Amino acid sequence: MERLDKILANLGHGTRKEVKVLVKRGAVEVDGVLAKDPGMNLDPNSSIIKVDGEEIKYRKYIYLMMNKPPGVISATYDNREETVIDLLWPEHQAFDPFPVGRLDKDTVGLLLLTNDGELNHKLISPKWNVNKIYYAEIDKEVGEEDIKAFEEGIVLDDGYKCMPGKLEIKHANIHGSEVYVTIQEGKYHQVKRMFESLDKKVVYLKRIKFGNLELDKTLEEGAYRELTEEEFDILNKFE
Ligand code: URA
């Protein structure tokens with residue numbers, strides 16, 4: 001059982017105070033009866049709540065897919081920089097979501113946001129070997145020897161030997177290359193540092209896949225949406 005004002009506030013219908021006003025003006029219905037007391041207790045899983053005649057979808061967790069734009073950081077709060085959370089609507093911020101893993105400030109593409117700590121833990125734990133696929137543009141020509149180096153495990157500047165990764169070349173010439181990189185780990189600046197070890201520079205980086213979940217190509221940079229049920233299932237079946 002939970003208080004009505006708390007349920008509505010948690011679902012993004014305003015502060016507790018605003019929700020009280022909403023109830024007082026007769027906008028809220030619980031199981032077909034006009035709610036009079038904002039402090040009434042109810043079970044949000046079995047009761048039907050309506051605000052201004054519209055049924056509220058109660059859920060504890062949210063799962064969002066964002067096409068992260070450049071220039072924002074993958075954190076929940078920062079007093080100087082814009083964060084991915086700042087890009088969410090208040091009704092989604094109300095769930096206190098956080099990003100699953102991190103993308104650099106200048107990296108774009110698929111970023112998941114959720115308030116489900118358990119799923120987050122599974123997805124970022126190296127134990128589960130979740131593949132992350134990136135599209136990258138490189139300043140130099142990438143070749144067979146680089147593919148081999150990825151397969152063998154690249155040693156980073158701090159001496160850390162990466163798990164084997166997959167490098168696919170989409171296009172390469174002396175002016176630069178377009179590649180796909182598949183890795184399972186998520187060390188700080190990992191893809192950039194892997195290429196630095198090969199004396200090359202990543203000039204553009206976009207994550208396009210997380211496990212079996214693909215970035216929705218219709219999402220513009222900075223846009224996001226909730227996962228569909230099908231996508232949620234895909235995400236739970238890690239590769
Ligand atoms: N690797 C990087 O270097 N940066 C990212 O944002 C993600 C992976």
# chains A, B, ... in the order shown; residues from 1 in each chain; ligands from 1
call {"tool": "residues_near_ligand", "arguments": {"ligand": "ligand 1", "cutoff": "7 Å", "atoms": "only C-alpha atoms and all ligand atoms", "output": "PyMOL selection string"}}
result
chain A and resi 102-104+107+186+188-193
call {"tool": "residues_around", "arguments": {"residues": "Asp52 in chain A", "least_positions_apart": "2", "cutoff": "8 Å", "atoms": "only C-alpha atoms", "output": "VMD selection string"}}
result
chain A and resid 27 to 28 50 54
call {"tool": "select_by_dssp", "arguments": {"residues": "range 60-203 of chain A", "states": "alpha helix (DSSP H)", "output": "MDAnalysis selection string"}}
result
chainID A and resid 90:93 117:124 144:152 190:197
call {"tool": "residues_around", "arguments": {"residues": "Val21 in chain A", "least_positions_apart": "6", "cutoff": "12 Å", "atoms": "only C-alpha atoms", "output": "PyMOL selection string"}}
result
chain A and resi 5+8-9+13-15+27-28+35-38
call {"tool": "residues_around", "arguments": {"residues": "range 135-144 of chain A", "least_positions_apart": "3", "cutoff": "10 Å", "atoms": "only C-alpha atoms", "output": "MDAnalysis selection string"}}
result
chainID A and resid 107:109 147:150 167:182 191:192 195 198:209
call {"tool": "write_last_selection", "arguments": {"atoms": "N, CA, C and O atoms", "output": "short mmCIF file (atom, residue, chain, number, x, y, z; two decimals), in the first residue's frame"}}
result
data_model
loop_
_atom_site.label_atom_id
_atom_site.label_comp_id
_atom_site.auth_asym_id
_atom_site.auth_seq_id
_atom_site.Cartn_x
_atom_site.Cartn_y
_atom_site.Cartn_z
N THR A 107 31.03 11.23 -27.55
CA THR A 107 30.51 10.01 -28.19
C THR A 107 29.00 10.12 -28.32
O THR A 107 28.32 10.66 -27.43
N VAL A 108 28.48 9.61 -29.42
CA VAL A 108 27.03 9.65 -29.64
C VAL A 108 26.48 8.23 -29.70
O VAL A 108 27.22 7.25 -29.72
N GLY A 109 25.16 8.14 -29.77
CA GLY A 109 24.54 6.85 -30.02
C GLY A 109 23.83 6.23 -28.83
O GLY A 109 23.45 6.93 -27.88
N ILE A 147 43.16 -5.70 -37.30
CA ILE A 147 42.14 -6.71 -37.00
C ILE A 147 42.75 -7.78 -36.09
O ILE A 147 42.16 -8.19 -35.08
N LYS A 148 43.96 -8.19 -36.46
CA LYS A 148 44.66 -9.22 -35.68
C LYS A 148 44.95 -8.73 -34.27
O LYS A 148 44.79 -9.46 -33.29
N ALA A 149 45.39 -7.50 -34.18
CA ALA A 149 45.72 -6.92 -32.86
C ALA A 149 44.47 -6.91 -31.96
O ALA A 149 44.55 -7.24 -30.77
N PHE A 150 43.32 -6.58 -32.54
CA PHE A 150 42.07 -6.59 -31.77
C PHE A 150 41.75 -8.00 -31.30
O PHE A 150 41.32 -8.21 -30.17
N LEU A 167 37.21 -6.26 -34.92
CA LEU A 167 37.31 -5.05 -35.74
C LEU A 167 36.91 -5.41 -37.16
O LEU A 167 37.45 -6.35 -37.74
N GLU A 168 35.92 -4.70 -37.68
CA GLU A 168 35.50 -4.92 -39.07
C GLU A 168 35.72 -3.63 -39.84
O GLU A 168 35.35 -2.55 -39.35
N ILE A 169 36.26 -3.77 -41.03
CA ILE A 169 36.53 -2.57 -41.82
C ILE A 169 35.42 -2.36 -42.84
O ILE A 169 35.14 -3.25 -43.65
N LYS A 170 34.80 -1.20 -42.77
CA LYS A 170 33.74 -0.90 -43.71
C LYS A 170 34.35 -0.24 -44.95
O LYS A 170 33.94 -0.47 -46.08
N HIS A 171 35.36 0.54 -44.68
CA HIS A 171 35.95 1.35 -45.73
C HIS A 171 37.29 1.84 -45.21
O HIS A 171 37.37 2.29 -44.07
N ALA A 172 38.35 1.74 -46.01
CA ALA A 172 39.65 2.23 -45.53
C ALA A 172 40.53 2.69 -46.68
O ALA A 172 40.61 2.01 -47.71
N ASN A 173 41.13 3.84 -46.52
CA ASN A 173 42.20 4.27 -47.44
C ASN A 173 43.15 5.18 -46.67
O ASN A 173 42.96 5.40 -45.47
N ILE A 174 44.15 5.71 -47.36
CA ILE A 174 45.19 6.47 -46.63
C ILE A 174 44.64 7.74 -45.94
O ILE A 174 45.26 8.26 -45.04
N HIS A 175 43.48 8.17 -46.36
CA HIS A 175 42.92 9.38 -45.74
C HIS A 175 42.16 9.10 -44.45
O HIS A 175 41.86 10.02 -43.68
N GLY A 176 41.79 7.84 -44.26
CA GLY A 176 41.05 7.50 -43.05
C GLY A 176 40.20 6.26 -43.26
O GLY A 176 40.18 5.68 -44.35
N SER A 177 39.51 5.82 -42.19
CA SER A 177 38.75 4.57 -42.26
C SER A 177 37.43 4.68 -41.52
O SER A 177 37.28 5.47 -40.60
N GLU A 178 36.51 3.82 -41.95
CA GLU A 178 35.25 3.64 -41.23
C GLU A 178 35.22 2.19 -40.77
O GLU A 178 35.41 1.28 -41.60
N VAL A 179 35.00 1.98 -39.50
CA VAL A 179 35.06 0.61 -38.96
C VAL A 179 33.92 0.34 -37.99
O VAL A 179 33.26 1.28 -37.52
N TYR A 180 33.73 -0.95 -37.70
CA TYR A 180 32.84 -1.38 -36.62
C TYR A 180 33.69 -2.10 -35.59
O TYR A 180 34.53 -2.93 -35.94
N VAL A 181 33.49 -1.75 -34.34
CA VAL A 181 34.25 -2.35 -33.26
C VAL A 181 33.29 -3.03 -32.31
O VAL A 181 32.30 -2.42 -31.89
N THR A 182 33.57 -4.29 -31.98
CA THR A 182 32.75 -4.99 -30.98
C THR A 182 33.63 -5.31 -29.77
O THR A 182 34.65 -5.99 -29.91
N VAL A 191 37.62 2.43 -26.52
CA VAL A 191 37.82 2.30 -27.98
C VAL A 191 38.90 3.28 -28.44
O VAL A 191 39.80 2.94 -29.22
N LYS A 192 38.83 4.51 -27.92
CA LYS A 192 39.82 5.51 -28.30
C LYS A 192 41.23 5.07 -27.92
O LYS A 192 42.18 5.21 -28.70
N PHE A 195 42.67 2.27 -30.16
CA PHE A 195 43.24 2.77 -31.42
C PHE A 195 44.53 3.56 -31.18
O PHE A 195 45.45 3.51 -31.99
N LEU A 198 47.40 1.56 -31.34
CA LEU A 198 47.78 1.18 -32.71
C LEU A 198 48.24 2.42 -33.48
O LEU A 198 48.33 2.41 -34.71
N ASP A 199 48.51 3.49 -32.72
CA ASP A 199 48.99 4.75 -33.30
C ASP A 199 47.96 5.39 -34.24
O ASP A 199 48.32 5.97 -35.27
N LYS A 200 46.69 5.26 -33.87
CA LYS A 200 45.63 5.85 -34.69
C LYS A 200 44.67 6.61 -33.79
O LYS A 200 44.63 6.38 -32.58
N LYS A 201 43.88 7.47 -34.41
CA LYS A 201 43.00 8.32 -33.61
C LYS A 201 41.54 8.13 -34.03
O LYS A 201 41.24 8.12 -35.23
N VAL A 202 40.67 7.99 -33.04
CA VAL A 202 39.23 7.92 -33.31
C VAL A 202 38.74 9.36 -33.47
O VAL A 202 38.90 10.18 -32.56
N VAL A 203 38.16 9.67 -34.62
CA VAL A 203 37.67 11.05 -34.81
C VAL A 203 36.15 11.16 -34.66
O VAL A 203 35.61 12.25 -34.52
N TYR A 204 35.47 10.02 -34.68
CA TYR A 204 34.01 10.02 -34.49
C TYR A 204 33.65 8.66 -33.92
O TYR A 204 34.14 7.63 -34.39
N LEU A 205 32.81 8.66 -32.89
CA LEU A 205 32.43 7.39 -32.27
C LEU A 205 30.94 7.37 -31.95
O LEU A 205 30.42 8.28 -31.30
N LYS A 206 30.30 6.30 -32.42
CA LYS A 206 28.87 6.16 -32.19
C LYS A 206 28.56 4.73 -31.77
O LYS A 206 28.94 3.79 -32.48
N ARG A 207 27.88 4.55 -30.65
CA ARG A 207 27.48 3.19 -30.27
C ARG A 207 26.18 2.86 -30.99
O ARG A 207 25.22 3.65 -30.94
N ILE A 208 26.16 1.70 -31.65
CA ILE A 208 24.97 1.35 -32.43
C ILE A 208 24.24 0.12 -31.88
O ILE A 208 23.11 -0.14 -32.24
N LYS A 209 24.92 -0.62 -30.99
CA LYS A 209 24.27 -1.83 -30.46
C LYS A 209 24.74 -2.12 -29.04
O LYS A 209 25.92 -1.90 -28.72
#
call {"tool": "residues_around", "arguments": {"residues": "Gly39 in chain A", "least_positions_apart": "3", "cutoff": "10 Å", "atoms": "only C-alpha atoms", "output": "mmCIF file with N, CA and C atoms, in the first residue's frame"}}
result
data_model
loop_
_atom_site.group_PDB
_atom_site.id
_atom_site.type_symbol
_atom_site.label_atom_id
_atom_site.label_comp_id
_atom_site.auth_asym_id
_atom_site.auth_seq_id
_atom_site.Cartn_x
_atom_site.Cartn_y
_atom_site.Cartn_z
ATOM 1 N N GLU A 2 0.434 2.231 -0.788
ATOM 2 C CA GLU A 2 1.190 3.483 -0.854
ATOM 3 C C GLU A 2 0.221 4.659 -0.852
ATOM 4 N N ARG A 3 0.713 5.787 -0.428
ATOM 5 C CA ARG A 3 -0.125 7.000 -0.439
ATOM 6 C C ARG A 3 -0.362 7.472 -1.862
ATOM 7 N N LEU A 4 -1.576 7.934 -2.127
ATOM 8 C CA LEU A 4 -1.938 8.417 -3.459
ATOM 9 C C LEU A 4 -1.037 9.570 -3.917
ATOM 10 N N ASP A 5 -0.792 10.535 -3.013
ATOM 11 C CA ASP A 5 0.026 11.686 -3.433
ATOM 12 C C ASP A 5 1.451 11.249 -3.773
ATOM 13 N N LYS A 6 1.950 10.250 -3.060
ATOM 14 C CA LYS A 6 3.312 9.775 -3.319
ATOM 15 C C LYS A 6 3.373 9.057 -4.677
ATOM 16 N N LYS A 20 -1.560 17.367 -4.378
ATOM 17 C CA LYS A 20 -2.656 17.645 -3.419
ATOM 18 C C LYS A 20 -3.703 18.549 -4.066
ATOM 19 N N VAL A 23 -5.806 16.684 -6.526
ATOM 20 C CA VAL A 23 -6.834 15.864 -5.874
ATOM 21 C C VAL A 23 -7.977 16.758 -5.387
ATOM 22 N N ALA A 35 -11.338 10.755 -5.835
ATOM 23 C CA ALA A 35 -10.479 10.745 -4.647
ATOM 24 C C ALA A 35 -10.579 12.091 -3.947
ATOM 25 N N LYS A 36 -10.744 12.035 -2.605
ATOM 26 C CA LYS A 36 -10.873 13.302 -1.862
ATOM 27 C C LYS A 36 -9.662 13.538 -0.984
ATOM 28 N N LEU A 42 -3.451 3.049 -1.096
ATOM 29 C CA LEU A 42 -3.967 2.102 -2.085
ATOM 30 C C LEU A 42 -2.826 1.273 -2.655
#
